[in-house]
file protein.txt (compact mmCIF, C-alpha atoms and all ligand atoms)
# COMPACT_ATOMS: atom_id res chain seq x y z
CA MET A 1 63.14 73.24 145.78
CA ASN A 2 60.16 72.72 143.46
CA PRO A 3 57.42 70.47 144.87
CA ASP A 4 55.44 68.28 142.44
CA TYR A 5 52.39 70.29 143.30
CA VAL A 6 51.35 73.24 145.42
CA THR A 7 48.34 72.98 147.72
CA PHE A 8 45.54 75.40 148.52
CA SER A 9 42.15 75.38 150.21
CA LYS A 10 38.99 76.92 148.77
CA ASN A 11 37.48 78.93 151.57
CA VAL A 12 35.02 81.55 152.63
CA PHE A 13 36.70 84.15 154.84
CA ILE A 14 34.52 85.31 157.74
CA PRO A 15 35.79 88.33 159.72
CA VAL A 16 33.51 87.73 162.72
CA THR A 17 34.71 90.82 164.58
CA ASN A 18 37.26 93.57 164.03
CA ILE A 19 37.00 94.72 167.65
CA CYS A 20 40.39 94.31 169.28
CA ARG A 21 41.96 95.40 172.55
CA ASN A 22 45.44 95.25 170.97
CA ARG A 23 46.99 97.98 168.86
CA CYS A 24 49.58 96.29 166.69
CA HIS A 25 51.32 99.14 164.90
CA TYR A 26 50.95 97.53 161.46
CA CYS A 27 47.28 96.55 161.71
CA GLY A 28 44.65 98.19 159.54
CA PHE A 29 41.90 95.72 160.54
CA ARG A 30 41.31 96.46 164.23
CA ARG A 31 38.71 98.87 165.57
CA ASP A 32 37.82 100.15 169.02
CA THR A 33 34.42 99.08 170.35
CA ASP A 34 33.03 102.59 169.84
CA SER A 35 34.36 103.09 166.27
CA ALA A 36 31.68 103.80 163.69
CA ASP A 37 32.86 100.82 161.61
CA ALA A 38 33.47 98.34 164.46
CA HIS A 39 31.49 95.17 163.90
CA LEU A 40 30.51 91.90 165.45
CA MET A 41 28.79 89.87 162.74
CA THR A 42 25.37 88.56 163.71
CA PRO A 43 24.47 84.87 163.22
CA ASP A 44 22.36 85.91 160.20
CA GLN A 45 25.25 87.80 158.59
CA VAL A 46 27.58 84.85 159.14
CA GLY A 47 24.92 82.47 157.82
CA ALA A 48 24.58 84.53 154.61
CA LEU A 49 28.34 84.31 153.96
CA LEU A 50 28.41 80.59 154.72
CA LYS A 51 25.58 80.02 152.28
CA LYS A 52 27.51 81.91 149.60
CA GLY A 53 30.64 79.85 150.32
CA ALA A 54 28.77 76.56 150.18
CA SER A 55 27.11 77.42 146.87
CA SER A 56 30.55 78.32 145.43
CA ASN A 57 31.94 74.88 146.23
CA CYS A 58 34.14 76.02 149.14
CA ALA A 59 35.07 73.40 151.72
CA GLU A 60 36.46 75.67 154.44
CA ALA A 61 34.91 78.31 156.69
CA LEU A 62 37.81 80.43 157.93
CA PHE A 63 36.71 82.28 161.07
CA THR A 64 38.93 85.22 161.97
CA PHE A 65 38.68 87.75 164.75
CA GLY A 66 40.34 90.68 166.40
CA GLU A 67 41.30 89.87 169.98
CA PRO A 68 38.47 91.64 171.79
CA GLY A 69 38.83 90.27 175.34
CA GLU A 70 36.26 91.76 177.72
CA SER A 71 35.52 94.67 175.38
CA ILE A 72 33.09 92.58 173.34
CA HIS A 73 30.72 91.58 176.14
CA GLU A 74 28.12 94.25 175.43
CA ALA A 75 28.07 93.53 171.70
CA LEU A 76 27.73 89.80 172.45
CA ALA A 77 24.87 90.41 174.86
CA GLU A 78 23.01 92.27 172.10
CA ILE A 79 22.96 89.08 170.00
CA GLY A 80 22.07 86.88 172.97
CA TYR A 81 25.43 85.50 174.10
CA SER A 82 27.28 85.94 177.37
CA ASN A 83 30.43 84.20 176.30
CA PHE A 84 32.69 84.62 173.27
CA VAL A 85 33.68 80.95 172.93
CA GLU A 86 30.03 79.90 173.15
CA TYR A 87 29.27 82.19 170.19
CA VAL A 88 32.23 80.88 168.19
CA ALA A 89 31.10 77.30 168.90
CA ASP A 90 27.62 78.09 167.55
CA LEU A 91 29.10 79.64 164.41
CA CYS A 92 31.15 76.48 163.85
CA LYS A 93 28.01 74.36 164.20
CA THR A 94 26.27 76.56 161.61
CA ALA A 95 29.22 76.18 159.22
CA ILE A 96 29.06 72.39 159.55
CA ALA A 97 25.32 72.49 158.89
CA TYR A 98 26.06 74.38 155.65
CA GLY A 99 28.60 71.72 154.65
CA LEU A 100 31.71 73.77 155.45
CA LEU A 101 34.65 72.70 157.61
CA PRO A 102 35.51 75.28 160.29
CA HIS A 103 39.06 76.53 160.79
CA THR A 104 38.99 78.94 163.73
CA ASN A 105 41.70 81.48 164.39
CA ALA A 106 40.45 83.23 167.53
CA GLY A 107 43.54 84.57 169.25
CA PRO A 108 45.29 83.14 172.31
CA LEU A 109 42.62 80.74 173.57
CA SER A 110 42.96 78.79 176.82
CA TYR A 111 43.23 75.01 177.09
CA ASP A 112 39.56 74.89 178.18
CA ASP A 113 38.47 77.06 175.23
CA PHE A 114 40.27 74.65 172.89
CA LYS A 115 38.47 71.73 174.53
CA VAL A 116 35.13 73.34 173.63
CA LEU A 117 36.13 74.20 170.04
CA LYS A 118 38.22 71.18 169.06
CA PRO A 119 35.28 68.85 168.26
CA LEU A 120 33.79 71.51 165.97
CA ASN A 121 36.91 72.34 163.97
CA ALA A 122 38.81 70.55 161.23
CA SER A 123 41.90 72.48 162.34
CA MET A 124 42.69 75.71 164.19
CA GLY A 125 45.37 78.39 164.12
CA LEU A 126 47.24 81.24 165.76
CA MET A 127 50.12 83.23 164.29
CA LEU A 128 53.16 83.26 166.56
CA GLU A 129 54.35 86.29 164.52
CA THR A 130 57.65 86.54 166.38
CA ILE A 131 59.27 85.24 169.50
CA ALA A 132 60.94 88.63 170.09
CA CYS A 133 59.42 91.51 172.08
CA MET A 134 58.83 94.16 169.43
CA ALA A 135 58.10 97.88 169.55
CA ALA A 136 55.28 97.14 167.06
CA HIS A 137 53.57 95.11 169.80
CA LYS A 138 54.13 97.41 172.75
CA ASP A 139 50.43 98.37 172.85
CA SER A 140 49.24 94.79 172.36
CA PRO A 141 49.01 92.94 175.68
CA SER A 142 47.99 89.61 174.15
CA LYS A 143 50.93 89.60 171.72
CA SER A 144 53.18 88.25 174.46
CA PRO A 145 55.33 85.60 172.74
CA LYS A 146 55.26 83.46 175.90
CA ARG A 147 51.47 83.46 175.91
CA ARG A 148 51.24 82.62 172.23
CA LEU A 149 53.71 79.75 172.56
CA LYS A 150 51.63 78.42 175.45
CA THR A 151 48.50 78.57 173.24
CA ILE A 152 50.26 76.66 170.46
CA GLU A 153 51.46 74.15 173.03
CA ASP A 154 47.95 73.67 174.47
CA ALA A 155 46.66 72.95 170.96
CA GLY A 156 49.40 70.31 170.69
CA ARG A 157 48.44 68.73 174.01
CA LEU A 158 44.90 68.38 172.65
CA ARG A 159 46.09 67.01 169.28
CA ILE A 160 44.55 69.81 167.26
CA PRO A 161 45.98 70.10 163.71
CA PHE A 162 47.41 73.59 163.88
CA THR A 163 48.45 76.45 161.61
CA THR A 164 50.86 79.07 162.85
CA GLY A 165 53.28 81.47 161.24
CA ILE A 166 55.67 84.37 161.46
CA LEU A 167 55.35 87.93 160.25
CA ILE A 168 58.33 89.28 158.36
CA GLY A 169 59.47 92.89 158.35
CA ILE A 170 57.97 94.36 161.54
CA GLY A 171 61.38 95.18 162.99
CA GLU A 172 62.57 91.70 163.93
CA SER A 173 66.16 90.61 163.24
CA ARG A 174 67.32 87.61 161.22
CA GLY A 175 68.19 85.93 164.53
CA ASP A 176 64.63 86.55 165.81
CA ARG A 177 63.24 84.85 162.71
CA ILE A 178 65.46 81.83 163.27
CA ASP A 179 64.52 81.67 166.96
CA SER A 180 60.81 81.90 166.10
CA LEU A 181 61.10 79.04 163.60
CA LEU A 182 63.12 76.97 166.08
CA ALA A 183 60.45 77.52 168.77
CA ILE A 184 57.73 76.29 166.36
CA ARG A 185 59.90 73.32 165.39
CA GLU A 186 60.43 72.42 169.05
CA LEU A 187 56.67 72.44 169.75
CA HIS A 188 56.01 70.34 166.65
CA LEU A 189 58.66 67.80 167.63
CA ARG A 190 56.96 67.43 171.01
CA TYR A 191 53.34 67.26 169.86
CA GLY A 192 53.38 66.59 166.10
CA HIS A 193 50.47 68.97 165.49
CA ILE A 194 51.83 71.76 163.26
CA GLN A 195 50.42 71.31 159.77
CA GLU A 196 51.78 74.47 158.18
CA VAL A 197 53.78 77.59 158.97
CA ILE A 198 52.80 80.81 157.22
CA ILE A 199 55.64 83.10 156.20
CA GLN A 200 53.76 86.37 155.88
CA PRO A 201 55.35 89.58 154.66
CA PHE A 202 54.41 92.78 156.46
CA ALA A 203 52.35 94.99 154.13
CA PRO A 204 51.99 98.68 155.13
CA LYS A 205 48.46 99.94 155.74
CA GLN A 206 47.26 103.54 155.58
CA ASN A 207 46.53 105.34 158.86
CA THR A 208 48.65 103.00 160.97
CA PRO A 209 51.84 103.91 162.86
CA MET A 210 53.81 101.77 160.38
CA SER A 211 52.26 103.14 157.19
CA ASN A 212 55.68 104.43 156.07
CA HIS A 213 57.64 101.36 157.14
CA LYS A 214 59.19 99.47 154.23
CA PRO A 215 57.91 95.95 153.52
CA PRO A 216 60.50 93.16 153.26
CA SER A 217 62.20 92.79 149.88
CA THR A 218 61.59 89.74 147.69
CA GLU A 219 65.14 88.54 148.44
CA GLU A 220 64.60 88.87 152.18
CA MET A 221 61.37 86.86 151.94
CA GLN A 222 63.08 84.22 149.83
CA GLU A 223 65.84 83.88 152.41
CA VAL A 224 63.30 83.37 155.23
CA ILE A 225 61.30 80.85 153.20
CA ALA A 226 64.48 78.88 152.53
CA LEU A 227 65.46 79.10 156.21
CA ALA A 228 62.02 77.88 157.25
CA ARG A 229 62.28 74.96 154.85
CA ARG A 230 65.63 73.99 156.37
CA ILE A 231 64.57 74.42 160.00
CA LEU A 232 61.08 72.89 159.94
CA PRO A 233 60.53 69.14 159.59
CA PRO A 234 59.56 68.11 156.04
CA GLU A 235 55.99 67.19 156.96
CA VAL A 236 55.30 70.81 157.98
CA ALA A 237 54.18 72.80 154.92
CA ILE A 238 55.41 76.32 154.25
CA GLN A 239 52.58 78.60 153.26
CA VAL A 240 53.09 81.94 151.54
CA PRO A 241 49.86 83.81 150.70
CA PRO A 242 49.78 84.34 146.92
CA ASN A 243 48.12 87.76 147.24
CA LEU A 244 51.15 88.99 149.20
CA MET A 245 53.93 87.32 147.18
CA PRO A 246 53.53 85.79 143.72
CA PRO A 247 53.98 82.00 143.94
CA HIS A 248 56.59 81.89 141.18
CA LEU A 249 58.81 83.88 143.59
CA SER A 250 58.11 81.78 146.70
CA VAL A 251 57.68 78.17 145.52
CA PRO A 252 61.26 77.73 144.18
CA TYR A 253 62.54 78.64 147.68
CA GLY A 254 60.42 76.13 149.60
CA ALA A 255 56.82 77.35 149.75
CA SER A 256 54.47 74.44 149.14
CA ASP A 257 51.08 75.87 150.05
CA LEU A 258 49.08 78.95 149.08
CA GLY A 259 46.63 78.84 151.98
CA GLY A 260 43.02 79.76 151.56
CA ILE A 261 41.91 81.23 148.26
CA SER A 262 38.35 82.45 148.25
CA PRO A 263 36.04 82.69 145.26
CA VAL A 264 33.54 84.70 147.33
CA THR A 265 35.30 86.92 149.88
CA ILE A 266 38.32 89.23 149.99
CA ASP A 267 41.29 88.97 152.35
CA TYR A 268 39.83 91.23 155.03
CA ILE A 269 43.21 91.59 156.75
CA ASN A 270 44.89 92.72 153.51
CA PRO A 271 41.95 94.17 151.58
CA ASP A 272 44.16 95.89 148.99
CA ASN A 273 45.74 92.58 147.96
CA GLU A 274 43.40 90.58 145.74
CA TRP A 275 43.63 86.79 145.49
CA PRO A 276 45.05 85.76 142.15
CA ALA A 277 42.58 83.86 139.98
CA LEU A 278 42.85 80.10 140.41
CA GLU A 279 42.74 79.61 136.65
CA MET A 280 45.78 81.84 136.26
CA LEU A 281 47.67 79.93 138.97
CA LYS A 282 46.72 76.61 137.41
CA ALA A 283 48.29 77.76 134.15
CA CYS A 284 51.67 78.21 135.93
CA MET A 285 51.85 75.29 138.35
CA ARG A 286 50.22 72.03 139.35
CA LEU A 287 47.74 72.80 142.10
CA ARG A 288 46.14 70.31 144.44
CA GLU A 289 43.19 71.25 146.60
CA ARG A 290 43.39 70.22 150.23
CA LEU A 291 40.92 70.61 153.07
CA PRO A 292 41.60 73.00 155.98
CA VAL A 293 43.01 69.93 157.72
CA TYR A 294 46.13 68.55 156.04
CA PRO A 295 46.06 65.07 154.48
CA ARG A 296 48.16 63.34 157.14
CA PHE A 297 45.74 64.46 159.84
CA VAL A 298 42.80 63.35 157.71
CA LEU A 299 44.36 59.89 157.47
CA THR A 300 45.13 59.76 161.22
CA ARG A 301 41.72 61.30 162.10
CA TRP A 302 43.00 64.09 164.30
CA TYR A 303 40.20 66.44 163.20
CA GLY A 304 37.25 67.38 165.41
CA ALA A 305 34.68 64.62 165.83
CA GLU A 306 31.79 66.77 164.58
CA THR A 307 33.59 67.33 161.27
CA GLU A 308 34.06 63.63 160.52
CA GLU A 309 31.02 63.20 158.30
CA LEU A 310 31.97 66.16 156.10
CA ILE A 311 35.60 65.07 155.91
CA SER A 312 34.65 61.61 154.76
CA ARG A 313 32.41 63.23 152.14
CA TYR A 314 35.15 65.59 150.88
CA ALA A 315 38.43 63.68 151.24
CA ASP A 316 39.93 61.26 148.74
CA GLU A 317 41.94 58.22 149.79
CA ASP A 318 45.10 60.34 150.14
CA GLY A 319 43.42 62.91 152.37
CA PHE A 320 43.19 65.66 149.72
CA ARG A 321 39.93 67.07 148.45
CA LYS A 322 38.14 64.75 146.03
CA CYS A 323 38.21 66.11 142.49
S1 LIG B 1 46.96 92.24 164.26
FE1 LIG B 1 45.31 91.15 165.31
S2 LIG B 1 45.79 91.41 167.48
FE2 LIG B 1 46.95 92.98 166.39
S3 LIG B 1 45.63 94.78 166.44
FE3 LIG B 1 45.21 93.67 164.53
S4 LIG B 1 43.46 92.40 164.99
FE4 LIG B 1 44.35 93.04 166.93
call {"tool": "encode", "arguments": {"input": "protein.txt", "output": "structure tokens"}}
result
Amino acid sequence: MNPDYVTFSKNVFIPVTNICRNRCHYCGFRRDTDSADAHLMTPDQVGALLKKGASSNCAEALFTFGEPGESIHEALAEIGYSNFVEYVADLCKTAIAYGLLPHTNAGPLSYDDFKVLKPLNASMGLMLETIACMAAHKDSPSKSPKRRLKTIEDAGRLRIPFTTGILIGIGESRGDRIDSLLAIRELHLRYGHIQEVIIQPFAPKQNTPMSNHKPPSTEEMQEVIALARRILPPEVAIQVPPNLMPPHLSVPYGASDLGGISPVTIDYINPDNEWPALEMLKACMRLRERLPVYPRFVLTRWYGAETEELISRYADEDGFRKC
């Protein structure tokens, strides 16, 4: 399948904290609270990145986090917060003030957390990764598939345009992949809120328990992309990050979105994989810029109320970004 165009969003990637209580065996991003290079970005540090993103014509502020749980309380107190969600909400307000639309991906939030963050976000996200219980997640309490499905369901109950995805090559079987896609499909059919599903290949990272584990082959990825396209309803986009798989290898199999491409920040989760230059991509395919909220949710106004003014400034009559 070759879509008429492939979508992307121009973003600034903000790794608010790398502190994480989980120990996913493939993760090179996480740090313990007492690691020398653990960080919780201060409001000033976040503000500086947002300013850079705004001056580079980005429309999206992508907020990403480890899953710190209680372990972050001390670090939060040092910057004057007693509550993680309260801090995230303030960062979203700052992004809006800079003219950027927040997309927050803050781990398995509760229904009440979503209620606080929904008005301040254009869309939100959480990777399902896999519905199977994996050895790679045995030291990661919040990677319970049941808990993650509940989070995705809560987002649906609150009508939050939502991004999720699966991780390929961490030891799951073909059947697990199908079951994961079917579970996402089932939630979307009930709530209609899934805007895109990321098919993300595992990429080995140095100094992790899976540093010698083989990544999925191109053919394996292409098979999953094609499966996803068959299983998921047509309105749900398939995103394959172009820094992890060249688009000319994913788009013919059903990928229709490249996700966020940043002119100002790296992919902090996969720092060795640079974004391809937009100009180079434009030479190979027709690209169309979207906002962090997909066009159909722009047209039906599912986005957070506090983002409305920016969305009406940025969106064209079809719900894409104005040229
Ligand atoms: S993948 Fe996410 S949840 Fe797992 S260890 Fe890394 S930061 Fe934590």
call {"tool": "residues_near_ligand", "arguments": {"input": "protein.txt", "ligand": "ligand LIG 1 (chain B)", "cutoff": "7 Å", "atoms": "all atoms listed in the file", "output": "PyMOL selection string"}}
result
chain A and resi 18+20-24+27-30+65-67+140+143
call {"tool": "residues_around", "arguments": {"input": "protein.txt", "residues": "Asn57 in chain A", "least_positions_apart": "2", "cutoff": "9 Å", "atoms": "all atoms listed in the file", "output": "number ranges by chain"}}
result
A: 10-11, 52-55, 59, 263
call {"tool": "write_last_selection", "arguments": {"input": "protein.txt", "atoms": "C-alpha atoms", "output": "PDB file, keeping the file's coordinate frame"}}
result
ATOM      1  CA  LYS A  10      38.990  76.920 148.770  1.00  0.00           C
ATOM      2  CA  ASN A  11      37.480  78.930 151.570  1.00  0.00           C
ATOM      3  CA  LYS A  52      27.510  81.910 149.600  1.00  0.00           C
ATOM      4  CA  GLY A  53      30.640  79.850 150.320  1.00  0.00           C
ATOM      5  CA  ALA A  54      28.770  76.560 150.180  1.00  0.00           C
ATOM      6  CA  SER A  55      27.110  77.420 146.870  1.00  0.00           C
ATOM      7  CA  ALA A  59      35.070  73.400 151.720  1.00  0.00           C
ATOM      8  CA  PRO A 263      36.040  82.690 145.260  1.00  0.00           C
TER       9      PRO A 263
END
call {"tool": "residues_around", "arguments": {"input": "protein.txt", "residues": "range 213-222 of chain A", "least_positions_apart": "4", "cutoff": "7 Å", "atoms": "all atoms listed in the file", "output": "NGL selection string"}}
result
:A and (168-169 or 201-204 or 226 or 250 or 253)
call {"tool": "atom_distance", "arguments": {"input": "protein.txt", "atom1": "CA of Phe114 in chain A", "atom2": "CA of Ser262 in chain A"}}
result
25.9 Å
call {"tool": "residues_around", "arguments": {"input": "protein.txt", "residues": "Thr104 in chain A", "least_positions_apart": "2", "cutoff": "7 Å", "atoms": "only C-alpha atoms", "output": "PyMOL selection string"}}
result
chain A and resi 62-64+102+106+121+124-125
call {"tool": "axis_aligned_box", "arguments": {"input": "protein.txt", "around": "range 83-95 of chain A", "padding_each_side": "6 Å", "output": "lines of an AutoDock Vina configuration file"}}
result
center_x = 30.0
center_y = 79.5
center_z = 167.8
size_x = 19.4
size_y = 22.3
size_z = 29.1
call {"tool": "atom_distance", "arguments": {"input": "protein.txt", "atom1": "CA of Arg296 in chain A", "atom2": "CA of Thr94 in chain A"}}
result
26.0 Å
call {"tool": "residues_around", "arguments": {"input": "protein.txt", "residues": "Asp112 in chain A", "least_positions_apart": "4", "cutoff": "10 Å", "atoms": "all atoms listed in the file", "output": "list in words"}}
result
Val85, Val116, Leu117, Lys118 and Asp154 of chain A
call {"tool": "closest_residue", "arguments": {"input": "protein.txt", "among": "A:Asp32, A:Asp44, A:Glu70, A:Asp257", "to": "Val240 in chain A", "atoms": "all atoms listed in the file"}}
result
A:Asp257
call {"tool": "build_atoms", "arguments": {"input": "protein.txt", "residues": "range 238-267 of chain A", "atoms": "N, CA and C atoms", "output": "compact mmCIF listing (two decimals), in the coordinates of the input"}}
result
# COMPACT_ATOMS: atom_id res chain seq x y z
N ILE A 238 55.12 74.88 154.18
CA ILE A 238 55.41 76.32 154.25
C ILE A 238 54.37 77.02 153.38
N GLN A 239 53.61 77.88 154.00
CA GLN A 239 52.58 78.60 153.26
C GLN A 239 53.00 80.06 153.05
N VAL A 240 52.88 80.52 151.82
CA VAL A 240 53.09 81.94 151.54
C VAL A 240 51.85 82.43 150.77
N PRO A 241 51.11 83.38 151.36
CA PRO A 241 49.86 83.81 150.70
C PRO A 241 50.15 84.42 149.32
N PRO A 242 49.46 83.92 148.29
CA PRO A 242 49.78 84.34 146.92
C PRO A 242 49.35 85.77 146.60
N ASN A 243 48.48 86.35 147.47
CA ASN A 243 48.12 87.76 147.24
C ASN A 243 49.15 88.71 147.85
N LEU A 244 50.11 88.15 148.60
CA LEU A 244 51.15 88.99 149.20
C LEU A 244 52.52 88.75 148.56
N MET A 245 52.68 87.60 147.90
CA MET A 245 53.93 87.32 147.18
C MET A 245 53.60 86.34 146.05
N PRO A 246 53.89 86.69 144.82
CA PRO A 246 53.53 85.79 143.72
C PRO A 246 54.20 84.42 143.90
N PRO A 247 53.45 83.35 143.70
CA PRO A 247 53.98 82.00 143.94
C PRO A 247 55.24 81.67 143.14
N HIS A 248 55.39 82.24 141.94
CA HIS A 248 56.59 81.89 141.18
C HIS A 248 57.84 82.43 141.87
N LEU A 249 57.66 83.36 142.84
CA LEU A 249 58.81 83.88 143.59
C LEU A 249 59.01 83.16 144.92
N SER A 250 57.98 82.44 145.39
CA SER A 250 58.11 81.78 146.70
C SER A 250 58.31 80.27 146.59
N VAL A 251 57.63 79.64 145.62
CA VAL A 251 57.68 78.17 145.52
C VAL A 251 59.10 77.65 145.27
N PRO A 252 59.90 78.27 144.41
CA PRO A 252 61.26 77.73 144.18
C PRO A 252 62.13 77.76 145.44
N TYR A 253 61.73 78.53 146.46
CA TYR A 253 62.54 78.64 147.68
C TYR A 253 62.02 77.76 148.81
N GLY A 254 60.90 77.07 148.58
CA GLY A 254 60.42 76.13 149.60
C GLY A 254 58.96 76.26 149.97
N ALA A 255 58.26 77.28 149.45
CA ALA A 255 56.82 77.35 149.75
C ALA A 255 56.12 76.19 149.06
N SER A 256 55.17 75.58 149.74
CA SER A 256 54.47 74.44 149.14
C SER A 256 52.96 74.58 149.28
N ASP A 257 52.52 75.69 149.84
CA ASP A 257 51.08 75.87 150.05
C ASP A 257 50.73 77.34 149.86
N LEU A 258 49.53 77.58 149.32
CA LEU A 258 49.08 78.95 149.08
C LEU A 258 48.03 79.40 150.09
N GLY A 259 47.64 78.49 150.98
CA GLY A 259 46.63 78.84 151.98
C GLY A 259 45.25 78.90 151.37
N GLY A 260 44.39 79.66 152.03
CA GLY A 260 43.02 79.76 151.56
C GLY A 260 42.91 80.74 150.41
N ILE A 261 42.21 80.32 149.38
CA ILE A 261 41.91 81.23 148.26
C ILE A 261 40.39 81.23 148.15
N SER A 262 39.80 82.42 148.19
CA SER A 262 38.35 82.45 148.25
C SER A 262 37.73 82.95 146.96
N PRO A 263 36.76 82.19 146.44
CA PRO A 263 36.04 82.69 145.26
C PRO A 263 34.95 83.69 145.63
N VAL A 264 34.69 83.86 146.94
CA VAL A 264 33.54 84.70 147.33
C VAL A 264 33.87 85.87 148.25
N THR A 265 35.00 85.82 148.94
CA THR A 265 35.30 86.92 149.88
C THR A 265 36.72 87.42 149.64
N ILE A 266 36.97 88.68 150.10
CA ILE A 266 38.32 89.23 149.99
C ILE A 266 39.15 88.80 151.19
N ASP A 267 40.43 89.14 151.18
CA ASP A 267 41.29 88.97 152.35
C ASP A 267 41.05 90.21 153.22
